[in-house]
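Shown here: protein_18.txt, compact mmCIF, C-alpha atoms.
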```
# COMPACT_ATOMS: atom_id res chain seq x y z
CA MET A 1 3.98 -3.57 -10.12
CA LYS A 2 4.73 -1.14 -7.28
CA PHE A 3 2.03 -0.22 -4.75
CA GLU A 4 2.00 3.39 -6.03
CA GLN A 5 1.43 2.18 -9.58
CA HIS A 6 -1.63 0.21 -8.49
CA ILE A 7 -3.03 3.33 -6.82
CA ASP A 8 -2.40 5.45 -9.93
CA LYS A 9 -4.20 2.88 -12.07
CA ILE A 10 -7.20 2.80 -9.72
CA ARG A 11 -7.41 6.59 -9.55
CA GLU A 12 -7.31 6.82 -13.35
CA LEU A 13 -10.04 4.16 -13.70
CA ILE A 14 -12.34 5.97 -11.27
CA GLU A 15 -11.66 9.39 -12.77
CA ARG A 16 -12.42 8.10 -16.27
CA ALA A 17 -15.62 6.47 -15.03
CA TYR A 18 -16.85 9.75 -13.53
CA ASN A 19 -15.86 11.71 -16.64
CA ASN A 20 -18.13 9.34 -18.53
CA ARG A 21 -20.89 9.51 -15.90
CA LEU A 22 -20.95 13.31 -15.84
CA GLY A 23 -20.78 13.42 -19.63
CA ARG A 24 -23.95 11.35 -19.89
CA MET A 25 -25.64 13.98 -17.71
CA GLY A 26 -24.56 16.72 -20.08
CA ILE A 27 -21.78 18.00 -17.80
CA SER A 28 -18.23 18.25 -19.09
CA LYS A 29 -15.22 20.49 -18.50
CA GLY A 30 -16.22 24.04 -19.38
CA LYS A 31 -19.51 23.00 -20.97
CA ILE A 32 -23.01 22.16 -19.75
CA ILE A 33 -25.74 20.89 -22.05
CA SER A 34 -29.31 21.95 -21.27
CA ALA A 35 -31.02 19.47 -18.95
CA GLU A 36 -33.88 19.22 -21.43
CA ASN A 37 -31.57 17.42 -23.84
CA ILE A 38 -30.52 14.53 -21.60
CA PRO A 39 -32.41 11.27 -20.88
CA ALA A 40 -34.94 11.26 -18.04
CA GLU A 41 -32.96 8.59 -16.14
CA TYR A 42 -30.12 11.09 -15.57
CA GLN A 43 -32.25 14.06 -14.50
CA HIS A 44 -32.18 13.50 -10.72
CA ASP A 45 -28.41 13.02 -10.54
CA ARG A 46 -27.94 15.93 -12.94
CA GLN A 47 -29.75 18.31 -10.59
CA GLN A 48 -27.62 17.26 -7.64
CA MET A 49 -24.33 17.47 -9.53
CA GLU A 50 -25.21 20.80 -11.12
CA LYS A 51 -25.84 22.37 -7.70
CA ILE A 52 -22.48 21.14 -6.41
CA LEU A 53 -20.74 22.24 -9.60
CA ASP A 54 -22.20 25.75 -9.27
CA ALA A 55 -20.91 25.99 -5.69
CA MET A 56 -17.46 24.75 -6.68
CA THR A 57 -17.29 27.11 -9.65
CA SER A 58 -18.12 30.00 -7.30
CA GLU A 59 -15.41 28.81 -4.93
CA THR A 60 -12.69 28.39 -7.55
CA GLY A 61 -13.71 31.27 -9.80
CA LYS A 62 -13.58 29.25 -13.03
CA ALA A 63 -16.00 26.75 -14.57
CA GLU A 64 -13.10 24.48 -15.62
CA ASP A 65 -11.64 24.49 -12.10
CA GLY A 66 -15.07 23.85 -10.60
CA TYR A 67 -15.46 20.79 -12.82
CA GLU A 68 -12.00 19.51 -11.86
CA LYS A 69 -12.82 19.90 -8.18
CA LEU A 70 -16.13 18.05 -8.60
CA LEU A 71 -14.36 15.26 -10.47
CA GLU A 72 -11.68 15.04 -7.76
CA GLU A 73 -14.24 14.79 -4.95
CA LEU A 74 -16.27 12.10 -6.71
CA THR A 75 -13.12 10.13 -7.50
CA PHE A 76 -11.71 10.33 -3.98
CA THR A 77 -15.04 9.44 -2.35
CA LEU A 78 -15.36 6.17 -4.26
CA PHE A 79 -11.65 5.41 -3.78
CA ASN A 80 -11.97 5.94 -0.04
CA ARG A 81 -15.12 3.85 0.21
CA MET A 82 -13.45 0.94 -1.58
CA ALA A 83 -10.30 1.21 0.53
CA ALA A 84 -12.34 1.21 3.75
CA LEU A 85 -14.20 -1.92 2.63
CA LYS A 86 -10.94 -3.73 1.79
CA VAL A 87 -9.43 -2.87 5.20
CA MET A 88 -12.55 -3.94 7.11
CA GLU A 89 -12.71 -7.18 5.12
CA ALA A 90 -9.04 -7.91 5.84
CA HIS A 91 -9.68 -7.56 9.57
CA THR A 92 -12.89 -9.66 9.35
CA LEU A 93 -14.97 -6.75 10.65
CA ILE A 94 -17.44 -7.35 7.83
CA PRO A 95 -18.06 -10.29 5.47
CA GLU A 96 -16.35 -9.83 2.10
CA VAL A 97 -18.22 -7.29 -0.02
CA ILE A 98 -15.76 -6.64 -2.86
CA THR A 99 -13.08 -9.36 -2.50
CA ARG A 100 -14.09 -11.90 -5.16
CA ARG A 101 -13.26 -15.60 -4.84
CA GLU A 102 -13.58 -18.65 -7.09
CA GLN A 103 -15.49 -20.63 -4.45
CA HIS A 104 -18.26 -18.01 -4.72
CA GLY A 105 -18.40 -18.21 -8.51
CA GLY A 106 -16.01 -15.32 -8.98
CA ARG A 107 -18.19 -13.06 -6.87
CA SER A 108 -17.76 -11.77 -3.33
CA PHE A 109 -19.30 -13.77 -0.49
CA VAL A 110 -21.91 -11.08 0.25
CA HIS A 111 -22.77 -10.61 -3.43
CA SER A 112 -23.43 -14.37 -3.68
CA LEU A 113 -25.78 -14.22 -0.69
CA TRP A 114 -27.55 -11.19 -2.14
CA LEU A 115 -28.11 -13.01 -5.43
CA GLU A 116 -29.81 -15.86 -3.58
CA GLN A 117 -32.31 -13.32 -2.27
CA HIS A 118 -32.56 -11.50 -5.63
CA PRO A 119 -32.26 -14.27 -8.25
CA GLN A 120 -33.74 -12.03 -10.97
CA ALA A 121 -30.57 -9.89 -10.77
CA ARG A 122 -28.49 -12.71 -12.29
CA ASN A 123 -29.71 -11.64 -15.73
CA SER A 124 -28.88 -7.94 -15.26
CA ASP A 125 -25.57 -6.11 -15.81
CA GLU A 126 -22.75 -7.86 -13.94
CA GLU A 127 -25.34 -9.85 -12.00
CA GLY A 128 -26.84 -6.79 -10.34
CA LEU A 129 -23.49 -5.48 -9.08
CA LEU A 130 -24.69 -1.87 -8.99
CA PRO A 131 -27.90 -2.34 -6.95
CA PHE A 132 -26.05 -4.82 -4.72
CA PHE A 133 -23.30 -2.28 -4.02
CA GLU A 134 -25.86 0.50 -3.39
CA HIS A 135 -27.68 -1.79 -0.95
CA LYS A 136 -24.53 -2.69 0.95
CA LEU A 137 -23.33 0.91 1.22
CA SER A 138 -26.73 1.89 2.60
CA GLU A 139 -26.53 -0.90 5.20
CA LEU A 140 -23.06 0.16 6.36
CA SER A 141 -23.92 3.88 6.45
CA ALA A 142 -25.49 3.50 9.90
CA ASP A 143 -21.94 3.29 11.29
CA ILE A 144 -19.97 5.10 8.58
CA PRO A 145 -21.48 8.32 7.13
CA LEU A 146 -19.06 8.14 4.18
CA PHE A 147 -21.17 5.25 2.82
CA SER A 148 -24.48 7.09 3.06
CA PRO A 149 -26.64 7.49 -0.07
CA GLN A 150 -27.17 11.07 1.19
CA HIS A 151 -23.44 11.81 1.00
CA PRO A 152 -23.04 14.82 -1.35
CA PHE A 153 -20.69 12.86 -3.61
CA HIS A 154 -22.70 9.63 -3.65
CA LEU A 155 -22.67 8.82 -7.34
CA LEU A 156 -21.69 5.44 -8.74
CA PRO A 157 -20.27 4.53 -12.15
CA THR A 158 -21.82 1.91 -14.44
CA SER A 159 -21.73 -1.76 -13.45
CA ILE A 160 -18.97 -2.52 -15.96
CA GLU A 161 -16.82 0.36 -14.74
CA LEU A 162 -17.49 -0.50 -11.10
CA LEU A 163 -16.38 -4.08 -11.72
CA SER A 164 -13.11 -2.95 -13.32
CA ILE A 165 -12.42 -0.70 -10.30
CA ILE A 166 -13.16 -3.56 -7.87
CA ASN A 167 -10.88 -5.87 -9.84
CA ALA A 168 -8.10 -3.27 -9.70
CA PHE A 169 -8.41 -3.06 -5.90
CA ASN A 170 -8.38 -6.85 -5.60
CA ALA A 171 -5.28 -7.05 -7.81
CA ILE A 172 -3.19 -5.29 -5.15
CA GLU A 173 -2.97 -8.20 -2.68
CA LYS A 174 -2.42 -10.67 -5.53
CA ASP A 175 0.72 -8.83 -6.63
CA ALA A 176 3.82 -10.60 -5.23
CA ASP A 177 5.66 -7.25 -5.22
CA VAL A 178 3.13 -5.85 -2.74
CA GLY A 179 2.17 -8.75 -0.43
CA ALA A 180 -1.03 -10.56 0.44
CA ASP A 181 -1.32 -8.94 3.90
CA ILE A 182 -1.12 -5.34 2.67
CA TRP A 183 -4.68 -4.49 3.78
CA GLN A 184 -3.95 -5.57 7.37
CA SER A 185 -1.25 -2.96 7.94
CA ASP A 186 -2.06 -0.43 10.68
CA ASP A 187 -1.21 2.57 8.52
CA ILE A 188 -2.48 1.29 5.15
CA LEU A 189 -4.99 4.15 4.84
CA GLY A 190 -2.16 6.64 5.28
CA TRP A 191 -0.06 4.91 2.60
CA LEU A 192 -3.05 4.93 0.26
CA TYR A 193 -3.65 8.63 0.79
CA GLU A 194 -0.03 9.58 0.26
CA SER A 195 0.20 7.42 -2.89
CA TYR A 196 -3.10 8.80 -4.17
CA ASN A 197 -1.83 12.38 -3.95
CA ASN A 198 1.66 11.80 -5.40
CA TYR A 199 0.52 12.59 -8.93
CA LYS A 200 -0.88 15.95 -7.80
CA LYS A 201 2.38 16.85 -6.12
CA ALA A 202 4.29 15.94 -9.27
CA GLN A 203 1.89 17.93 -11.48
CA HIS A 204 2.12 21.01 -9.28
CA LYS A 205 5.90 20.84 -9.06
CA ALA A 206 6.24 20.43 -12.84
CA SER A 207 3.93 23.40 -13.46
CA GLY A 208 6.20 25.78 -11.56
CA ASN A 209 3.10 27.56 -10.24
CA LYS A 210 3.00 29.34 -6.91
CA THR A 211 1.48 27.30 -4.07
CA GLU A 212 -1.85 29.04 -3.52
CA TYR A 213 -4.07 28.43 -0.47
CA ASN A 214 -5.98 25.63 -2.20
CA ARG A 215 -2.74 23.73 -2.94
CA VAL A 216 -1.10 24.01 0.49
CA SER A 217 -2.59 20.72 1.74
CA ILE A 218 -1.09 18.84 -1.22
CA GLN A 219 2.40 20.31 -1.04
CA SER A 220 2.68 20.18 2.75
CA GLN A 221 1.91 16.47 3.14
CA VAL A 222 4.72 14.57 4.85
CA TYR A 223 4.34 10.94 5.85
CA THR A 224 5.80 10.48 9.35
CA PRO A 225 7.73 7.19 9.75
CA ARG A 226 6.35 4.77 12.31
CA TRP A 227 9.44 4.91 14.55
CA VAL A 228 9.16 8.71 14.80
CA VAL A 229 5.49 8.43 15.76
CA GLN A 230 6.31 5.85 18.44
CA PHE A 231 9.16 7.87 19.92
CA LEU A 232 7.16 11.11 20.14
CA VAL A 233 3.97 9.57 21.57
CA ASP A 234 5.85 7.28 24.01
CA ASN A 235 7.84 10.24 25.33
CA SER A 236 4.94 12.64 25.63
CA LEU A 237 1.78 10.72 26.59
CA GLY A 238 3.71 7.75 27.99
CA LYS A 239 6.05 9.90 30.03
CA LEU A 240 3.22 12.06 31.34
CA TYR A 241 1.49 8.90 32.61
CA LEU A 242 4.65 7.68 34.35
CA GLU A 243 5.01 11.06 36.04
CA MET A 244 1.65 10.30 37.66
CA TYR A 245 2.18 6.52 38.10
CA PRO A 246 5.95 5.91 38.22
CA ASP A 247 5.55 2.28 39.32
CA SER A 248 3.42 1.36 36.29
CA ASP A 249 4.53 -1.61 34.18
CA ILE A 250 4.07 0.35 30.95
CA LYS A 251 7.69 1.49 31.26
CA HIS A 252 8.69 -2.08 30.36
CA LYS A 253 6.52 -2.16 27.22
CA TYR A 254 7.19 1.32 25.79
CA LYS A 255 10.52 3.01 25.14
CA ILE A 256 10.37 6.04 27.44
CA ALA A 257 13.58 7.99 27.92
CA ASN A 258 14.54 8.97 31.47
CA ALA A 259 11.43 7.34 32.93
CA PRO A 260 10.71 8.93 36.34
CA ASN A 261 11.15 6.79 39.46
CA GLN A 262 8.93 8.91 41.67
CA ARG A 263 5.71 10.83 41.24
CA THR A 264 6.22 14.32 39.81
CA ARG A 265 2.67 15.04 38.63
CA GLN A 266 -0.65 14.84 40.45
CA PRO A 267 -2.74 11.90 39.08
CA LYS A 268 -5.89 12.70 37.13
CA PRO A 269 -8.54 10.46 35.55
CA LEU A 270 -7.52 9.13 32.15
CA LYS A 271 -10.70 10.56 30.63
CA GLU A 272 -9.30 14.04 31.32
CA ILE A 273 -6.05 13.51 29.43
CA LYS A 274 -6.23 14.86 25.88
CA VAL A 275 -3.97 14.32 22.89
CA ILE A 276 -4.43 16.76 20.01
CA ASP A 277 -2.69 16.63 16.65
CA PRO A 278 -2.98 20.11 15.04
CA ALA A 279 -1.98 18.75 11.61
CA VAL A 280 -3.58 15.31 11.88
CA GLY A 281 -3.20 14.25 8.24
CA SER A 282 -4.24 10.62 7.86
CA GLY A 283 -4.06 10.12 11.63
CA ASN A 284 -0.81 8.19 12.23
CA PHE A 285 -0.15 9.85 15.60
CA LEU A 286 -3.71 9.37 16.85
CA LEU A 287 -3.82 5.74 15.70
CA TYR A 288 -0.69 4.95 17.70
CA ALA A 289 -1.90 7.04 20.66
CA PHE A 290 -5.10 4.93 20.62
CA ASP A 291 -3.04 1.80 21.31
CA LEU A 292 -1.11 3.47 24.13
CA PHE A 293 -4.28 4.85 25.70
CA TYR A 294 -5.80 1.37 25.51
CA ASP A 295 -2.90 -0.04 27.54
CA LEU A 296 -3.16 2.84 30.01
CA TYR A 297 -6.85 2.11 30.63
CA LEU A 298 -6.04 -1.58 31.15
CA ASP A 299 -3.26 -0.58 33.53
CA GLN A 300 -5.71 1.54 35.51
CA ILE A 301 -8.22 -1.33 35.71
CA GLU A 302 -5.71 -4.04 36.63
CA ASN A 303 -3.36 -2.13 38.94
CA TYR A 304 -5.10 0.98 40.24
CA GLU A 305 -8.67 -0.23 40.81
CA ALA A 306 -10.14 2.21 38.28
CA ASP A 307 -13.84 1.70 37.57
CA TYR A 308 -13.66 1.25 33.80
CA ASP A 309 -15.33 -1.49 31.78
CA GLU A 310 -12.80 -3.10 29.41
CA ASP A 311 -15.47 -3.45 26.72
CA GLU A 312 -16.01 0.31 26.83
CA ILE A 313 -12.34 1.33 26.46
CA PRO A 314 -12.45 1.97 22.68
CA LYS A 315 -15.50 4.21 23.13
CA LEU A 316 -13.87 6.06 26.04
CA ILE A 317 -10.75 6.75 23.98
CA ILE A 318 -12.62 8.04 20.93
CA GLU A 319 -14.99 10.22 22.94
CA ASN A 320 -12.52 11.64 25.47
CA ASN A 321 -8.86 11.35 24.58
CA LEU A 322 -8.13 11.90 20.89
CA HIS A 323 -8.52 15.13 18.93
CA GLY A 324 -7.21 16.29 15.57
CA ILE A 325 -7.66 19.06 13.02
CA ASP A 326 -6.32 19.65 9.52
CA ILE A 327 -6.78 22.04 6.60
CA ASP A 328 -7.30 18.99 4.37
CA ASP A 329 -10.84 17.64 4.78
CA ARG A 330 -9.96 14.47 2.86
CA ALA A 331 -7.12 13.68 5.26
CA VAL A 332 -9.47 14.15 8.22
CA GLN A 333 -11.87 11.70 6.56
CA ILE A 334 -9.04 9.15 6.37
CA ALA A 335 -8.13 9.72 10.03
CA GLN A 336 -11.75 9.25 11.11
CA LEU A 337 -12.00 6.02 9.14
CA GLY A 338 -8.74 4.74 10.58
CA LEU A 339 -9.85 5.40 14.15
CA PHE A 340 -13.27 3.84 13.53
CA ILE A 341 -11.64 0.69 12.17
CA LYS A 342 -9.10 0.62 15.02
CA ALA A 343 -11.88 0.86 17.63
CA LYS A 344 -13.98 -1.81 15.86
CA ARG A 345 -10.97 -4.15 15.74
CA LYS A 346 -10.48 -3.82 19.50
CA LYS A 347 -14.15 -4.50 20.15
CA HIS A 348 -14.03 -7.43 17.71
CA THR A 349 -11.02 -8.92 19.55
CA LEU A 350 -12.80 -8.72 22.90
CA GLN A 351 -15.92 -10.50 21.66
```

Write-out of the structure in structure tokens:
Amino acid sequence: MKFEQHIDKIRELIERAYNNRLGRMGISKGKIISAENIPAEYQHDRQQMEKILDAMTSETGKAEDGYEKLLEELTFTLFNRMAALKVMEAHTLIPEVITRREQHGGRSFVHSLWLEQHPQARNSDEEGLLPFFEHKLSELSADIPLFSPQHPFHLLPTSIELLSIINAFNAIEKDADVGADIWQSDDILGWLYESYNNYKKAQHKASGNKTEYNRVSIQSQVYTPRWVVQFLVDNSLGKLYLEMYPDSDIKHKYKIANAPNQRTRQPKPLKEIKVIDPAVGSGNFLLYAFDLFYDLYLDQIENYEADYDEDEIPKLIIENNLHGIDIDDRAVQIAQLGLFIKAKRKKHTLQ
């Protein structure tokens, strides 16, 4: 199966799960059942979802469109959470939360540990998968707001549906057509986002409808090849650095055209050099610029007696050097996640 087909399957599984979840609350496309007629266990979530639905209906102008937008946001939030967990697991930034292995009884490593502390959960649905997952998201939310139980789209499907979604994610690296190391790729989050949105592009194109303001972000998405990203960043940020430090060894590591042999720009502290991507998308340019900035900070420490602490370089880059904006909030979320994971990987390597 192709990578894109896996993503389509996962998106459909999650969307169906939330259709079911909202339906049990009395919310469906174009129809809302009185809250008095739904079970007490759904009342709290119903109140939260109804408020968001009202806001989205006001924004879109139609109840059906408001429901579709709510469904899209719920679906993408869970998809993005799962993808972030898989990437962090692949880079050993966290113990395995959703990757299930036979040596752990078909569970994930962390789920197995959790069951030892909560043995009564073994007799509940999918061995307490839902409360376990809630617990783990809450733990990780200290570093990643996307995982927070206070996130506006924090709503989970049933245990059975959650397990089928987890299994679909885990099936990706087991597919020989995809490759076992897929989650370790630098731009995997960008691939996921592009693949996730392909069906929307196809739907919009087939409809023949005009591209209104709320569809611009879908139709304007273009995935920039890695070699293009490298060439542009090397010959902008890299060249600017060599104009200040023409004797730097970075000219041997990066492909910089017409590298200057003498200083043509007054040196300034690295913390004052900014890179901004005005259409950041999933962050490919900033992710590559992070690596180049990292080498520039090392170069300053090793060759120019700069007073930087190597352990603090990832923090310095995130706080001072990289900036991005986009009309697509979901893409910005992906870019933020990618940079967080990139910085954590650097810190992890140094430890």

- Query: In Å, how far is it from CA of Leu70 in chain A to CA of Arg21 in chain A?
  - Reply: 12.2 Å

- Item | Atom pair CA of Ile165 in chain A / CA of Leu337 in chain A: separation (Å) |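 If I compute the distance from CA of Ile165 in chain A to CA of Leu337 in chain A, I get 20.6 Å.
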
Please provide as an mmCIF file with C-alpha atoms, in the coordinates of the input all residues within 7 Å of Ser282 in chain A, with the sequence filter that same-chain residues fewer than 3 positions apart are discarded (counting only C-alpha atoms).
```cif
data_model
loop_
_atom_site.group_PDB
_atom_site.id
_atom_site.type_symbol
_atom_site.label_atom_id
_atom_site.label_comp_id
_atom_site.auth_asym_id
_atom_site.auth_seq_id
_atom_site.Cartn_x
_atom_site.Cartn_y
_atom_site.Cartn_z
ATOM 1 C CA GLY A 190 -2.160 6.640 5.280
ATOM 2 C CA ALA A 331 -7.120 13.680 5.260
ATOM 3 C CA VAL A 332 -9.470 14.150 8.220
ATOM 4 C CA ILE A 334 -9.040 9.150 6.370
ATOM 5 C CA ALA A 335 -8.130 9.720 10.030
#
```

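Minimum atom-to-atom distance to Ala17 in chain A, evaluated using all atoms listed in the file, belongs to A:Glu161 out of A:Asp175, A:Glu161, A:Asp249, A:Asp295.
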
- Item | Using only C-alpha atoms: which of A:Ile10, A:Ile318, A:Gly283, A:Ala90 has the shortest distance to Gln184 in chain A | A:Ala90

- Go ahead and compute the interatomic distance for CA of Glu126 in chain A and CA of His111 in chain A, in Å to one decimal.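 Between CA of Glu126 in chain A and CA of His111 in chain A the gap is 10.9 Å.
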
- Counting only C-alpha atoms, the residue of A:Asp65, A:Asp329, A:Glu89, A:Glu272 that sits nearest Ser108 in chain A: A:Glu89

- Task: Using only C-alpha atoms, pick whichever of A:His252, A:Arg330, A:His323, A:Lys9 has the shortest atom-to-atom distance to Ser164 in chain A.
- Result: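 Between A:His252, A:Arg330, A:His323, A:Lys9, the residue approaching Ser164 in chain A most closely is A:Lys9.
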
- Message: Here is a test: counting all atoms listed in the file, which residue of A:Leu53, A:Leu286, A:Leu237, A:Leu74 is nearest to Ile32 in chain A?
- Response: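 Counting all atoms listed in the file, the residue closest to Ile32 in chain A is A:Leu53.
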
- Item | Residues within 12 Å of Glu72 in chain A, only C-alpha atoms, excluding chain neighbours under 6 positions, as a PyMOL selection string | chain A and resi 11-12+14-19+53+56+65-66+78-80+153+196-197+200+330

- Contact residues around range 43-45 of chain A with only C-alpha atoms at 12 Å, ignoring same-chain residues under 5 positions, as a PyMOL selection string: chain A and resi 21-27+34-38+50-52+149-150+152-157

- Message: Excluding Gln333 in chain A and its own-chain neighbours fewer than 6 positions away, which residues fall within 12 Å of it when counting only C-alpha atoms? Please give them as a list in words.
- Response: Phe76, Thr77, Asn80, Arg81, Ala84, Ile144, Pro145, Leu146, Phe147, Leu189, Gly190, Tyr193, Val280, Gly281, Ser282, Gly283, Gly324, Ile325, Asp326, Ile327, Leu339 and Phe340 of chain A

- Task: Write out as number ranges by chain the residues lying within 6 Å of range 253-264 of chain A, counting all atoms listed in the file and excluding same-chain residues fewer than 2 positions away.
- Result: A: 234-235, 243-244, 246, 250-251

- Query: Quick one: of A:Val233, A:Leu140, A:Leu129, A:Leu287, who's nearest to Ile160 in chain A, counting only C-alpha atoms?
  - Reply: A:Leu129
